[in-house]
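Here's the structure, in structure tokens; my notes come after.
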Amino acid sequence: MRSPRTLAAVLVATALLGACSGGGHQDSTSNAPEPGTLRVLASSELSDMTAVFDRVHKDTGIRIRPTYMGTLDAVDLLAKGKADGKYDALWLSSDAYLRLRPEAAKRVESETSVMSSPVAIGVRTATVRALGWNPDQVTWSQVEQAVQDGRLTYGMTDPARSNSGFATLISVASALSGAQSALTDADVTKATPKLKEFFKGQKLTSGSSGWLATAYKRRGDIDALLNYESVLKGIPGLTVIRPRDGVVTADYPLSSLTASDARTREDVRKVTDDLRTDAVQKLITDTTHRRPVVASVAPAPGLDTGRRRELPFPGSRSVADGLLDSYENTLRRPSRTVYVLDTSGSMEGDRLSRLKSALTGLTADFRDREEVTLMPFGSKVKSVRTHVVDPARPRDGLDAIRKDTRALSADGGTAIYTSLEQAYGQLGVDGDRFTSIVLMTDGENTAGAKAGDFDDFYRRLVGSQRNIPVFPIVFGDSDRSELQHIADLTGGRLFDAQQGSLDGAFEEIRGYQ
Amino acid sequence: MSDSESTLRDVRRIAGIVLAVLLIGGVVAAVVTGRNNGDTSTATKTVRAVIGSEKAEFFADPDVVKALAAKGYTVKAETSGSWAMEGLDLKGYDLAFPSSQAPADALAAKYHAREPLPRPFYSPLVVVAHRSAAAVLAANGLATLDGKGRGILRMSAYLDAVRHDRTWQQLKGASAHGELSGTLYIASTDPETSNSGALYLAAASYVANGGKVAAGQADIDRTAPLMRKLISVQGAQQSSSDGPFRDFVSGAGNPLVLVYESQVATLLTQQHGADDLVVLYPDTTVNSDHTVVPLTDTGRALGELLSTDPALRRLAVKHGFRPQGDAAEFTAATADRATYLNQKLTGVRQAPVPTSTVLHEMARRARGQ
């Protein structure tokens with residue numbers, strides 16, 4: 001089997017990044033130890049737990065300070081020892097992947113599961129009716145059939161960056177392969193044609209569950225979302241189905257770390273004990289739609305207690321990574337991205353070299369079949385160069401991107417809106433790819449079309465072109481509100497390279513491409 | 001290099017991993033007990049102990065703290081995986097208290113602890129199932145049910161099913177229950193890092209080896225394919241027996257889960273009328289023998305106190321453990337849970353546990369390492 005290039009690249013990028021993140025999460029500089037505060041490396045799915053964190057603080061006097069990160073990144077950070085001294089506890093949706101990496105697992109002292117939520121599919125109620133489904137009886141094979149018949153489209157999070165996407169991928173692969181026990185490489189190979197069909201139905205990808213829900217609501221043309229039951233229950237209008245042939249369940253273990261001192265571990269224990277009390281378990285299930293892990297508390301109303309087969313998580317890293325690799329490079333629809341890059345005069349020097357180094361680093365992460373257009377601009381668009389990563393000769397496309405990157409030079413004004421309009425023109429309509437625009441600028445718009453012009457331009461777009469989001473990156477002296485407006489208008493999301501790094505922002509956006 | 005050398009090296013390597021990973025997780029280290037509030041007139045003696053994590057709740061229980069203080073002891077307990085204790089530097093500790101005999105024997109040899117080792121209480125491994133799964137097993141000759149909440153798992157029939165890759169779908173009656181599908185197996189913890197997972201292999205290998213404890217390379221080789229199957233079908237395994245048990249309680253996870261009887265007994269005190277629970281006692285099982293390895297005279301005295309003091313024995317029962325020697329105490333105290341607990345372990349045979357070296361090697365092979 002081919003080496004998992006994508007995954008390796010994700011991990012390399014993480015190593016460069018450390019704990020920082022471009023997405024407005026807490027960055028590492030503010031993560032100094034503080035008595036009475038637990039610095040928790042957490043899955044982003046836990047961002048719905050604020051009320052529970054407040055309650056724990058009230059009960060124990062201990063404050064939980066989460067830093068959100070994807071499972072793979074978090075496990076890698078741990079494996080490299082980079083979490084030592086920076087975090088006091090780990091709280092992922094599941095430690096299943098962590099257990100496949102002994103270097104990471106050995107840094108975990110003890111783990112205690114706090115609540116659970118299975119993978120599920122949330123389908124628009126009208127679609128459920130149209131398909132004639134009885135929600136209790138639906139199987140993954142039926143879902144796949146509906147996709148194949150063109151009657152079902154869906155969105156899911158990126159398995160390389162989000163735990164919910166990863167668990168979804170395992171669920172789907174296990175179920176569609178017909179594997180009777182833990183997935184093997186042979187199962188994955190056997191299931192590949194079916195999985196390809198299945199993932200043709202994926203019309204929306206996201207680096208986080210939160211943005212997935214937002215984009216789903218905005219789009220209106222997507223029938224379903226795959227995610228944890230707890231996430232789907234929070235989105236109105238969805239019928240939440242746990243397929244009959246099995247699901248992977250997240251059990252949210254709060255884990256203490258071997259690098260912590262005894263007092264910190266005692267704090268983790270106190271928090272864990274509090275989380276397991278009846279009162280807090282009830283608060284968890286009532287406010288987050290997750291299932292309690294103590295027998296004395298019933299799941300919140302609306303959580304169907306009928307049992308489902310638990311699909312085993314792969315027992316080896318090669319199977320898990322191999323599946324991820326095929327998803328990224330073979331199974332999923334490829335992406336098409338225009339990078340609209342500010343190379344105005346103000347980028348001269350350090351900023352330009354940071355841009356070059358970030359882009360060059362990113363080339364290690366581009367997937368097979370991916371189409372990448374570089375559109376550097378100053379007072380106007382300077383050039384438009386498109387490269388495709390050909391699976392037969394991936395290096396050719398990547399080398400070409402690196403070569404174009406080296407040739408970037410800084411001069412001229414900043415024509416943000418004119419360049420964006422040109423990017424939309426470049427992208428046209430192609431239903432077979434995840435299409436998006438990345439906008440990196442270090443200043444305010446000084447040339448060409450104005451903000452209002454772009455608003456008018458965007459509103460005149462028709463059909464699937466209106467579904468193309470712009471992901472702006474705040475960098476240098478750029479105007480945050482101007483860029484936020486572009487993100488809001490186009491259904492994108494703002495990324496921050498002022499507090500985090502430019503590499504980090506580019507890397508985080510990968511989950512949305 | 002000879003085979004035995006390489007095996008030994010592997011064992012050391014595993015011990016290293018085990019040490020690092022921490023065995024039976026559950027409750028975190030450094031459970032400081034015995035807060036002396038100054039309200040006792042007798043000065044207490046501080047005892048430093050390293051204990052298996054499933055006993056952390058016991059030592060943290062205020063009633064236990066009080067009972068120990070009444071006898072003049074303040075116990076400062078830190079948790080460690082039972083198999084990991086071999087790798088710790090226990091200088092300055094008064095006792096180690098692993099959760100089974102094999103690591104205790106290894107520790108006793110290393111620290112020249114005098115035999116016999118106090119063995120205050122034990123708990124057999126059992127399998128929890130929902131009623132539907134238990135009924136299907138019974139209908140297919142894999143189990144016998146004794147009343148509504150408990151039964152006996154027929155190990156040789158079960159291992160036979162595993163040998164033949166039996167799926168739930170092949171068992172009659174399973175199709176009525178959607179969750180009963182896929183390969184039939186008992187979910188255990190990782191045998192390389194966790195005591196209960198390792199003891200699962202001890203029981204299974206004893207049955208597979210014709211009722212003889214696996215003693216050497218030939219026995220390991222003979223049983224290895226089946227042990228590998230028991231583990232590999234499970235995929236990623238948890239490192240603490242609390243994890244799969246919680247999954248079970250929350251309605252997720254595998255239909256059959258291996259746990260300590262003490263975990264079930266404790267659950268039943270918290271929730272009476274666990275309507276859908278069936279506790280299956282394997283007809284050949286292994287006890288988790290909580291064994292004290294005294295490192296000082298104080299440690300030995302505490303170990304003996306735990307074994308003999310009526311109040312402490314009562315408290316052990318409260319935490320679901322069976323005190324050694326007198327079965328009546330456990331029977332009396334769990335009368336309200338007799339629907340689920342096989343109080344006298346009728347029809348249950350105890351398999352001896354292989355030596356630490358054999359068990360480590362067995363676990364390594366089972367994990368496909």
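The chains in the structure tokens are called A, B, ... from first to last as shown; in each chain the residues are counted from 1, and the ligands are counted from 1 in the order shown.
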
Could you give me, as a tab-separated table, every chain A residue with an atom at most 7 Å from chain B, plus its closest atom pair and distance in Å to one decimal, counting only C-alpha atoms, rows ordered by chain then number?
```
residue	atom	partner	partner_atom	distance
A:Ala96	CA	B:Ala236	CA	6.0
A:Arg99	CA	B:Ala236	CA	6.9
A:Ala105	CA	B:Val21	CA	6.1
A:Lys106	CA	B:Val21	CA	4.1
A:Arg107	CA	B:Val21	CA	6.8
A:Val108	CA	B:Val21	CA	6.5
A:Glu109	CA	B:Leu22	CA	5.9
A:Ser110	CA	B:Gly25	CA	4.1
A:Glu111	CA	B:Gly25	CA	5.9
A:Thr112	CA	B:Gly26	CA	5.8
A:Ser113	CA	B:Gly243	CA	6.1
A:Ser116	CA	B:Ser250	CA	7.0
A:Gln180	CA	B:Gly182	CA	4.3
A:Ser181	CA	B:Val233	CA	5.1
A:Ala182	CA	B:Gly235	CA	4.7
A:Arg244	CA	B:Gly178	CA	6.4
A:Thr249	CA	B:Ala252	CA	6.8
A:Ala262	CA	B:Ala30	CA	6.0
A:Arg265	CA	B:Val28	CA	6.3
A:Glu266	CA	B:Ala30	CA	6.7
A:Arg269	CA	B:Val28	CA	5.7
A:Arg291	CA	B:Ser250	CA	6.4
A:Pro292	CA	B:Ser250	CA	5.9
A:Val293	CA	B:Ser250	CA	4.7
A:Val294	CA	B:Val249	CA	6.5
A:Ala295	CA	B:Val249	CA	5.9
A:Ser296	CA	B:Gln271	CA	5.9
A:Arg307	CA	B:Glu179	CA	5.7
A:Arg308	CA	B:Glu179	CA	4.3
A:Arg309	CA	B:Glu179	CA	4.0
A:Glu310	CA	B:Gly253	CA	5.0
A:Pro312	CA	B:Gly235	CA	5.6
A:Phe313	CA	B:Gly235	CA	5.4
A:Pro314	CA	B:Gly235	CA	4.7
A:Gly315	CA	B:Gly235	CA	3.6
```

Could you pull the residues within 8 Å of Thr373 (chain A), counting only C-alpha atoms, minus those fewer than 4 positions along the same chain, as a PyMOL selection string?
chain A and resi 336-339+384-387

Just N, CA and C atoms for this one: save the residues we selected as a PDB file, in the first residue's frame.
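Heads up, here's the output in result_36.pdb:
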```
ATOM      1  N   ARG A 336     -11.192  21.781  -5.533  1.00  0.00           N
ATOM      2  CA  ARG A 336     -10.680  22.793  -6.456  1.00  0.00           C
ATOM      3  C   ARG A 336     -10.638  24.096  -5.684  1.00  0.00           C
ATOM      4  N   THR A 337      -9.463  24.677  -5.617  1.00  0.00           N
ATOM      5  CA  THR A 337      -9.301  25.868  -4.783  1.00  0.00           C
ATOM      6  C   THR A 337      -8.539  26.951  -5.531  1.00  0.00           C
ATOM      7  N   VAL A 338      -9.028  28.167  -5.420  1.00  0.00           N
ATOM      8  CA  VAL A 338      -8.251  29.304  -5.914  1.00  0.00           C
ATOM      9  C   VAL A 338      -7.663  30.022  -4.703  1.00  0.00           C
ATOM     10  N   TYR A 339      -6.339  30.133  -4.706  1.00  0.00           N
ATOM     11  CA  TYR A 339      -5.666  30.914  -3.661  1.00  0.00           C
ATOM     12  C   TYR A 339      -5.455  32.325  -4.180  1.00  0.00           C
ATOM     13  N   VAL A 384      -2.557  33.842 -13.313  1.00  0.00           N
ATOM     14  CA  VAL A 384      -3.465  32.767 -12.927  1.00  0.00           C
ATOM     15  C   VAL A 384      -2.830  31.461 -13.371  1.00  0.00           C
ATOM     16  N   ARG A 385      -2.410  30.658 -12.413  1.00  0.00           N
ATOM     17  CA  ARG A 385      -1.715  29.410 -12.760  1.00  0.00           C
ATOM     18  C   ARG A 385      -2.424  28.247 -12.073  1.00  0.00           C
ATOM     19  N   THR A 386      -2.860  27.277 -12.839  1.00  0.00           N
ATOM     20  CA  THR A 386      -3.599  26.142 -12.282  1.00  0.00           C
ATOM     21  C   THR A 386      -2.795  24.856 -12.404  1.00  0.00           C
ATOM     22  N   HIS A 387      -2.763  24.095 -11.329  1.00  0.00           N
ATOM     23  CA  HIS A 387      -2.022  22.830 -11.320  1.00  0.00           C
ATOM     24  C   HIS A 387      -2.920  21.740 -10.749  1.00  0.00           C
TER      25      HIS A 387
END
```

Identify, on the basis of only C-alpha atoms, every residue whose closest approach to Ser141 (chain A) does not exceed 9 Å; exclude the query and any residue fewer than 3 positions from it along the same chain; express the result as number ranges by chain.
A: 138, 144-146, 175-176, 245

Restricting it to C-alpha atoms, dump the selection as a compact mmCIF listing (two decimals), in the first residue's frame.
```txt
# COMPACT_ATOMS: atom_id res chain seq x y z
CA VAL A 138 -32.58 2.27 8.06
CA GLU A 144 -25.69 4.12 0.09
CA GLN A 145 -28.49 3.03 -2.26
CA ALA A 146 -30.26 6.37 -1.86
CA ALA A 175 -20.80 -1.26 7.57
CA LEU A 176 -20.40 -1.14 3.79
CA ASP A 245 -26.31 -2.23 11.03
```

Among region 34-242 of chain B, which ones does DSSP place in strand (DSSP E), written as a ChimeraX atom specification?
/B:45-51,73-79,95-97,121-130,143-145,150-153

Would you put the residues from that selection into a file with C-alpha atoms, as a PDB file, in the first residue's frame?
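Done, and the output landed in result.pdb:
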```pdb
ATOM      1  CA  LYS B  45       1.220   5.913  61.537  1.00  0.00           C
ATOM      2  CA  THR B  46       1.470   6.943  57.894  1.00  0.00           C
ATOM      3  CA  VAL B  47       1.606   4.039  55.445  1.00  0.00           C
ATOM      4  CA  ARG B  48       2.721   4.599  51.875  1.00  0.00           C
ATOM      5  CA  ALA B  49       1.136   2.216  49.395  1.00  0.00           C
ATOM      6  CA  VAL B  50       1.053   1.769  45.668  1.00  0.00           C
ATOM      7  CA  ILE B  51      -2.235   0.146  44.726  1.00  0.00           C
ATOM      8  CA  TYR B  73      -3.094   4.120  60.287  1.00  0.00           C
ATOM      9  CA  THR B  74      -3.163   6.847  57.706  1.00  0.00           C
ATOM     10  CA  VAL B  75      -2.766   5.355  54.241  1.00  0.00           C
ATOM     11  CA  LYS B  76      -1.305   7.431  51.451  1.00  0.00           C
ATOM     12  CA  ALA B  77      -2.077   5.450  48.327  1.00  0.00           C
ATOM     13  CA  GLU B  78      -0.904   6.043  44.793  1.00  0.00           C
ATOM     14  CA  THR B  79      -2.336   4.052  41.938  1.00  0.00           C
ATOM     15  CA  LEU B  95       3.514  -2.031  50.515  1.00  0.00           C
ATOM     16  CA  ALA B  96       2.453  -2.714  46.977  1.00  0.00           C
ATOM     17  CA  PHE B  97      -1.098  -3.888  46.411  1.00  0.00           C
ATOM     18  CA  PHE B 121      -9.946  -9.984  49.117  1.00  0.00           C
ATOM     19  CA  TYR B 122     -10.621 -11.089  45.555  1.00  0.00           C
ATOM     20  CA  SER B 123     -13.095 -10.676  42.746  1.00  0.00           C
ATOM     21  CA  PRO B 124     -13.796 -13.088  39.879  1.00  0.00           C
ATOM     22  CA  LEU B 125     -14.004 -11.986  36.273  1.00  0.00           C
ATOM     23  CA  VAL B 126     -17.544 -12.092  34.914  1.00  0.00           C
ATOM     24  CA  VAL B 127     -19.266 -11.179  31.660  1.00  0.00           C
ATOM     25  CA  VAL B 128     -22.104  -8.660  31.616  1.00  0.00           C
ATOM     26  CA  ALA B 129     -24.785  -9.006  28.952  1.00  0.00           C
ATOM     27  CA  HIS B 130     -28.157  -7.557  28.190  1.00  0.00           C
ATOM     28  CA  ALA B 143     -24.740 -20.399  28.363  1.00  0.00           C
ATOM     29  CA  THR B 144     -27.193 -21.584  30.957  1.00  0.00           C
ATOM     30  CA  LEU B 145     -29.376 -19.095  32.760  1.00  0.00           C
ATOM     31  CA  ARG B 150     -27.478 -14.412  36.152  1.00  0.00           C
ATOM     32  CA  GLY B 151     -26.106 -17.491  34.466  1.00  0.00           C
ATOM     33  CA  ILE B 152     -23.081 -19.536  33.528  1.00  0.00           C
ATOM     34  CA  LEU B 153     -21.067 -18.990  30.352  1.00  0.00           C
TER      35      LEU B 153
END
```

Rank nothing, just name the residue among B:Leu312, B:Leu295, B:Leu199, B:Leu341 nearest to Ala265 (chain B), using only C-alpha atoms.
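Checking each candidate against Ala265 (chain B), we get B:Leu341 as the closest.
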
Could you tell me how far CA of Asp89 (chain B) sits from CA of Thr44 (chain B), in Å to one decimal place?
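The value is 25.4 Å.
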
Taking only C-alpha atoms into account, which of B:His164, B:Val358, B:Val136, B:Thr269 comes nearest Asp336 (chain B)?
B:Thr269

Using DSSP on the backbone coordinates, identify the residues of region 28-245 of chain A assigned to helix (DSSP H, G or I); present them as a ChimeraX atom specification.
/A:28-30,44-48,50-60,71-79,96-99,102-105,125-131,140-148,163-177,185-200,209-219,229-233

Which residues are close to Asn287 (chain B), i.e. within 12 Å by only C-alpha atoms, leaving aside same-chain residues fewer than 2 positions away? Reply as a ChimeraX atom specification.
/B:99-102,119,121-126,195-196,198-200,202-203,259-262,281-282,284-285,289-291,321-322,324,345,348-353

Taking only C-alpha atoms into account, name the residue in A:Val319, A:Leu359, A:Leu204, A:Ala407 that is nearest to Thr435 (chain A).
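Checking each candidate against Thr435 (chain A), we get A:Leu204 as the closest.
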
Between CA of Leu226 (chain B) and CA of Leu159 (chain B) lies a distance of 8.0 Å

I'd like to know which of A:Leu324, A:Leu254, A:Ala191, A:Ile121 is closest to Ala224 (chain A), using only C-alpha atoms.
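Among the listed residues, A:Ile121 lies closest to Ala224 (chain A).
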